[in-house]
Amino acid sequence: MSNFIQRLRWADYLILAVIVVFFGYIWITIDGTLNYKWRWHLIPNYIIGWHSGREEYFANLLLQGLGATFRISIYASVLALALGIILGVARCSANLTIRMLARTYLEFLRNIPPVVVVFIFFFFLSQQLIDALNLERWSRGIARQEDNGIWEFFFGEMRRFPSLISGVIVLALFESAFVGEIVRAGIQSIPKGQGEAARSIGMSRFQELRYIILPQAFKKVLPPMANQFITLIKDSAIISLISVQELTFKTVELVASSRMIFEAWITTAAFYFIVCFGLSRIFARLEKGAEKA
Amino acid sequence: MSARTPIIEATNLDKFYGPFHALKNIDITVHQGEKMVICGPSGSGKSTLIRCFNGLEWHNSGKLVVDGVEVYQGSKDILKLRQEVGMVFQQFNLFPHLTVLENLTIGPMKVRKIGQAEAVKTARQYLDRVHIPEQADKYPAQLSGGQQQRVAIARSLCMESRIMLFDEPTSALDPEMINEVLDVMVELVDTGMTMVVVTHEMGFARKVADTMVFMEEGHIIEVSPPEQFFTNPSSERCRLFLDQILAH
């Protein structure tokens with residue numbers, strides 16, 4: 001730390017001073033003009049609440065939302081990875097029709113704003129899908145059961161299950177386009193000789209991909225792939241628009257009921273930051289470890 | 001080589017890369033157990049020809065029958081055929097994410113569906129054969145070029161193929177490693193396997209070849225036994241080529 005201070009020059013102090021003045025000004029403006037009353041002390045209660053009747057702690061709005069964001073991100077990542085691998089392989093297919101189909105899917109999703117994709121999917125497809133699978137009835141049935149603890153752990157409140165599913169699917173569809181491009185880049189970075197060697201010992205196209213090409217490709221694309229999953233967590237905020245009860249949606253709810261606009265949003269921003277920054281640090285460390293090995 | 005049974009038969013083979021005519025009306029027959037060495041200037045179509053033999057490249061017209069199977073694009077039998085036709089590449093093409101032993105066993109286990117124990121046993125046997133049993137658990141990147149190429153040869157041997165194709169197996173090697181690879185190949189000659197070798201190593205060719213083939217600009221110019229090929233080639237161009245590479 002002292003080392004760091006020694007390295008500062010007068011110009012650095014000037015820049016720091018300007019920044020402090022700037023934020024100080026904004027602070028005073030909010031405090032003065034808006035006459036905003038900060039109520040930070042109420043926020044912890046909205047993360048972990050105390051139920052006075054049952055005399056126990058429970059996860060309140062913000063923590064519930066964070067939990068939902070975790071679930072959605074994990075399921076959507078798995079689904080996006082599966083779809084992305086299929087898409088990436090299809091993009092490298094020898095068959096022109098398959099290549100064009102994959103390209104079309106990709107260009108559609110890449111050139112439409114995610115919000116629009118979310119709405120189109122929600123209004124046109126998701127309700128039909130949920131009706132067709134009879135998910136609504138099924139999930140309500142489970143919600144009424146006595147010991148649905150495991151279900152709730154994996155999927156949150158079961159009454160909200162259909163909306164969770166549409167959220168996961170739309171997020172996965174959207175991200176799969178980008179995962180697919182990463183997979184394609186990985187496949188194409190593997191020298192042609194690898195495929196030729198695999199074929200020369202009699203491997204089928206599937207075996208060639210499964211045992212030779214994809215394992216090498218994945219090692220190469222691990223950094224952008226990890227990055228894409230962090231992006232997915234951030235993008236998951238979009239599905240709050242279709243009433244999936246994740247962190248952003250819960251924050252909107254909290255702001256509406258308590259009017260703690262700044263506190264609630266700053267807390268939520270902090271949650272996203274901690275999760276995403278933490279993951280990026282973990283991935284960076286894993287990468288370094290993989291390099292050494 | 002008492003019974004001269006043909007194992008590779010090419011008739012009127014033509015191959016194009018776009019407008020480039022890579023193979024021109026190729027007629028050639030390789031017999032069972034025969035050691036054929038193909039030479040010629042670069043770009044003459046030698047590699048293309050042997051890559052057609054296991055369907056890594058597809059000829060555009062003519063007929064090619066390998067080990068009783070007709071080779072053509074879209075053939076259902078090509079995967080089966082490739083198990084019988086091993087290939088050793090100029091750039092080794094070992095699988096870098098697998099250990100040496102795994103490189104040798106993945107073909108037998110996944111393609112021939114042989115059990116792991118048996119595949120490992122066979123693999124160790126062939127590693128002995130190419131004189132590097134101690135490298136089994138290393139990764140390809142930890143080996144020298146000569147060692148990598150010997151692993152590649154062992155990988156093909158593990159498939160128990162009946163035919164082996166060598167595509168300039170020593171061209172990417174440092175000079176001091178060429179002999180260790182050639183020695184292994186000379187030892188293979190005694191097993192009675194059919195071998196087609198594209199190479200510029202004329203000493204090796206003289207020692208092992210039953211038949212010498214000279215190609216230029218997509219044509220087969222000369223096919224003759226080595227004693228005639230090296231002392232009295234019938235074509236002028238072949239003589240010139242030999243003079244050039246034997247000069248130093």
# chains A, B, ... in the order shown; residues from 1 in each chain; ligands from 1
>>> interface_residues(of="chain A", to="chain B", cutoff="10 Å", atoms="only C-alpha atoms", output="list in words")
Pro191, Lys192, Gly193, Gln194, Gly195, Glu196, Ala197, Ala198, Arg199, Ser200, Ile201, Gly202, Met203, Ser204, Arg205, Gln207, Tyr211, Ile212, Ile213, Pro215, Gln216 and Lys219 of chain A
>>> select_by_dssp(residues="segment 43-94 of chain A", states="alpha helix (DSSP H)", output="PyMOL selection string")
chain A and resi 43-47+61-91
>>> closest_residue(among="A:Val221, A:Ala68, A:Val118, A:Leu101", to="Met158 of chain A", atoms="only C-alpha atoms")
A:Ala68
>>> residues_around(residues="Val183 of chain A", least_positions_apart="6", cutoff="12 Å", atoms="only C-alpha atoms", output="number ranges by chain")
A: 80-92, 176-177, 189-190, 209, 213-225, 228
>>> residues_around(residues="Ile242 of chain A", least_positions_apart="3", cutoff="8 Å", atoms="only C-alpha atoms", output="tab-separated table (two decimals) with N, CA and C atoms, in the first residue's frame")
chain	number	residue	atom	x	y	z
A	118	VAL	N	-36.80	-11.69	-26.39
A	118	VAL	CA	-37.50	-12.15	-25.19
A	118	VAL	C	-39.00	-12.00	-25.35
A	119	PHE	N	-39.44	-10.84	-25.84
A	119	PHE	CA	-40.89	-10.62	-25.99
A	119	PHE	C	-41.49	-11.54	-27.04
A	122	PHE	N	-41.73	-14.93	-25.68
A	122	PHE	CA	-42.70	-15.04	-24.59
A	122	PHE	C	-44.13	-15.05	-25.13
A	163	SER	N	-43.03	-19.82	-15.51
A	163	SER	CA	-42.34	-18.59	-15.90
A	163	SER	C	-40.83	-18.79	-15.81
A	167	GLY	N	-38.24	-18.37	-18.93
A	167	GLY	CA	-37.06	-17.52	-18.75
A	167	GLY	C	-35.79	-18.26	-19.13
A	239	ILE	N	-34.86	-10.88	-18.54
A	239	ILE	CA	-36.09	-11.68	-18.46
A	239	ILE	C	-36.99	-11.25	-17.31
>>> select_by_dssp(residues="segment 141-248 of chain B", states="strand (DSSP E or B)", output="list in words")
Ile163, Met164, Leu165, Phe166, Asp167, Thr194, Met195, Val196, Val197, Val198, Thr211, Met212, Val213, Phe214, Met215, Glu216, His219, Ile220, Ile221, Glu222, Val223 and Ser224 of chain B
>>> write_last_selection(atoms="C-alpha atoms", output="PDB file, in the first residue's frame")
ATOM      1  CA  ILE B 163      -1.992 -51.851 -45.841  1.00  0.00           C
ATOM      2  CA  MET B 164       0.179 -48.948 -44.660  1.00  0.00           C
ATOM      3  CA  LEU B 165       0.461 -45.651 -46.493  1.00  0.00           C
ATOM      4  CA  PHE B 166       3.377 -43.345 -45.671  1.00  0.00           C
ATOM      5  CA  ASP B 167       3.052 -39.734 -46.805  1.00  0.00           C
ATOM      6  CA  THR B 194       1.679 -54.041 -47.984  1.00  0.00           C
ATOM      7  CA  MET B 195       3.431 -50.661 -47.913  1.00  0.00           C
ATOM      8  CA  VAL B 196       3.094 -47.645 -50.171  1.00  0.00           C
ATOM      9  CA  VAL B 197       5.674 -45.000 -49.308  1.00  0.00           C
ATOM     10  CA  VAL B 198       5.967 -41.491 -50.679  1.00  0.00           C
ATOM     11  CA  THR B 211       8.571 -51.389 -57.184  1.00  0.00           C
ATOM     12  CA  MET B 212       9.615 -47.794 -57.821  1.00  0.00           C
ATOM     13  CA  VAL B 213       7.141 -45.259 -59.177  1.00  0.00           C
ATOM     14  CA  PHE B 214       8.072 -41.861 -60.575  1.00  0.00           C
ATOM     15  CA  MET B 215       5.405 -39.175 -60.904  1.00  0.00           C
ATOM     16  CA  GLU B 216       5.470 -35.758 -62.485  1.00  0.00           C
ATOM     17  CA  HIS B 219       1.232 -38.405 -64.508  1.00  0.00           C
ATOM     18  CA  ILE B 220       2.884 -41.677 -63.640  1.00  0.00           C
ATOM     19  CA  ILE B 221       6.031 -41.530 -65.751  1.00  0.00           C
ATOM     20  CA  GLU B 222       7.779 -44.698 -64.741  1.00  0.00           C
ATOM     21  CA  VAL B 223       7.049 -47.925 -62.878  1.00  0.00           C
ATOM     22  CA  SER B 224       9.971 -50.294 -62.581  1.00  0.00           C
TER      23      SER B 224
END
>>> closest_residue(among="B:Gln116, B:Thr29, B:Asn60, B:Gln73", to="Thr5 of chain B", atoms="only C-alpha atoms")
B:Thr29
>>> atom_distance(atom1="atom CA of Ala59 of chain A", atom2="atom CA of Ala172 of chain A")
26.9 Å
>>> atom_distance(atom1="atom CA of Lys46 of chain B", atom2="atom CA of Lys15 of chain B")
12.0 Å
>>> residues_around(residues="Thr69 of chain A", least_positions_apart="6", cutoff="12 Å", atoms="only C-alpha atoms", output="ChimeraX atom specification")
/A:62-63,75-77,154-156,164,167-168,171,232-240,244-250,268,271-272,275-276
>>> residues_around(residues="Leu109 of chain A", least_positions_apart="5", cutoff="10 Å", atoms="only C-alpha atoms", output="compact mmCIF listing (two decimals) with N, CA and C atoms, in the first residue's frame")
# COMPACT_ATOMS: atom_id res chain seq x y z
N THR A 104 -28.59 -19.16 -40.36
CA THR A 104 -29.82 -18.37 -40.30
C THR A 104 -30.23 -18.14 -38.85
N PRO A 114 -31.89 -8.30 -27.75
CA PRO A 114 -32.32 -9.36 -26.83
C PRO A 114 -33.70 -9.12 -26.25
N VAL A 116 -36.25 -7.73 -27.60
CA VAL A 116 -37.27 -8.09 -28.59
C VAL A 116 -37.37 -9.61 -28.71
N VAL A 117 -36.21 -10.28 -28.69
CA VAL A 117 -36.22 -11.74 -28.72
C VAL A 117 -37.03 -12.27 -27.54
N LEU A 173 -31.69 -19.76 -25.55
CA LEU A 173 -31.76 -19.60 -27.00
C LEU A 173 -30.89 -18.44 -27.43
N PHE A 174 -31.02 -17.35 -26.70
CA PHE A 174 -30.31 -16.14 -27.04
C PHE A 174 -28.80 -16.34 -26.91
N GLU A 175 -28.38 -16.94 -25.80
CA GLU A 175 -26.93 -17.09 -25.57
C GLU A 175 -26.34 -18.18 -26.45
N SER A 176 -27.17 -19.15 -26.86
CA SER A 176 -26.64 -20.27 -27.64
C SER A 176 -26.02 -19.79 -28.94
N ALA A 177 -26.55 -18.69 -29.48
CA ALA A 177 -25.99 -18.16 -30.72
C ALA A 177 -24.52 -17.78 -30.50
N PHE A 178 -24.24 -17.16 -29.36
CA PHE A 178 -22.87 -16.72 -29.09
C PHE A 178 -21.98 -17.90 -28.71
>>> residues_around(residues="Val184 of chain B", least_positions_apart="3", cutoff="6 Å", atoms="only C-alpha atoms", output="list in words")
Val130, Val181 and Glu187 of chain B
>>> decode(residues="segment 20-41 of chain A", atoms="C-alpha atoms", output="JSON list (two decimals), in the first residue's frame")
[["chain", "number", "residue", "atom", "x", "y", "z"],
["A", 20, "VAL", "CA", -13.77, 13.41, -5.54],
["A", 21, "VAL", "CA", -15.14, 16.87, -6.32],
["A", 22, "PHE", "CA", -17.30, 15.50, -9.13],
["A", 23, "PHE", "CA", -18.89, 12.77, -7.02],
["A", 24, "GLY", "CA", -19.17, 15.14, -4.08],
["A", 25, "TYR", "CA", -21.16, 17.49, -6.28],
["A", 26, "ILE", "CA", -23.51, 14.71, -7.40],
["A", 27, "TRP", "CA", -23.91, 13.64, -3.80],
["A", 28, "ILE", "CA", -24.85, 17.15, -2.69],
["A", 29, "THR", "CA", -27.25, 17.53, -5.58],
["A", 30, "ILE", "CA", -29.09, 14.33, -4.70],
["A", 31, "ASP", "CA", -29.08, 15.15, -1.03],
["A", 32, "GLY", "CA", -30.14, 18.78, -1.48],
["A", 33, "THR", "CA", -32.33, 19.02, -4.57],
["A", 34, "LEU", "CA", -34.11, 15.71, -4.28],
["A", 35, "ASN", "CA", -34.35, 15.92, -0.56],
["A", 36, "TYR", "CA", -33.74, 12.19, -0.57],
["A", 37, "LYS", "CA", -33.76, 10.39, 2.75],
["A", 38, "TRP", "CA", -31.31, 7.56, 2.84],
["A", 39, "ARG", "CA", -32.56, 4.51, 4.69],
["A", 40, "TRP", "CA", -29.69, 2.10, 4.33],
["A", 41, "HIS", "CA", -30.49, 0.48, 7.66]]
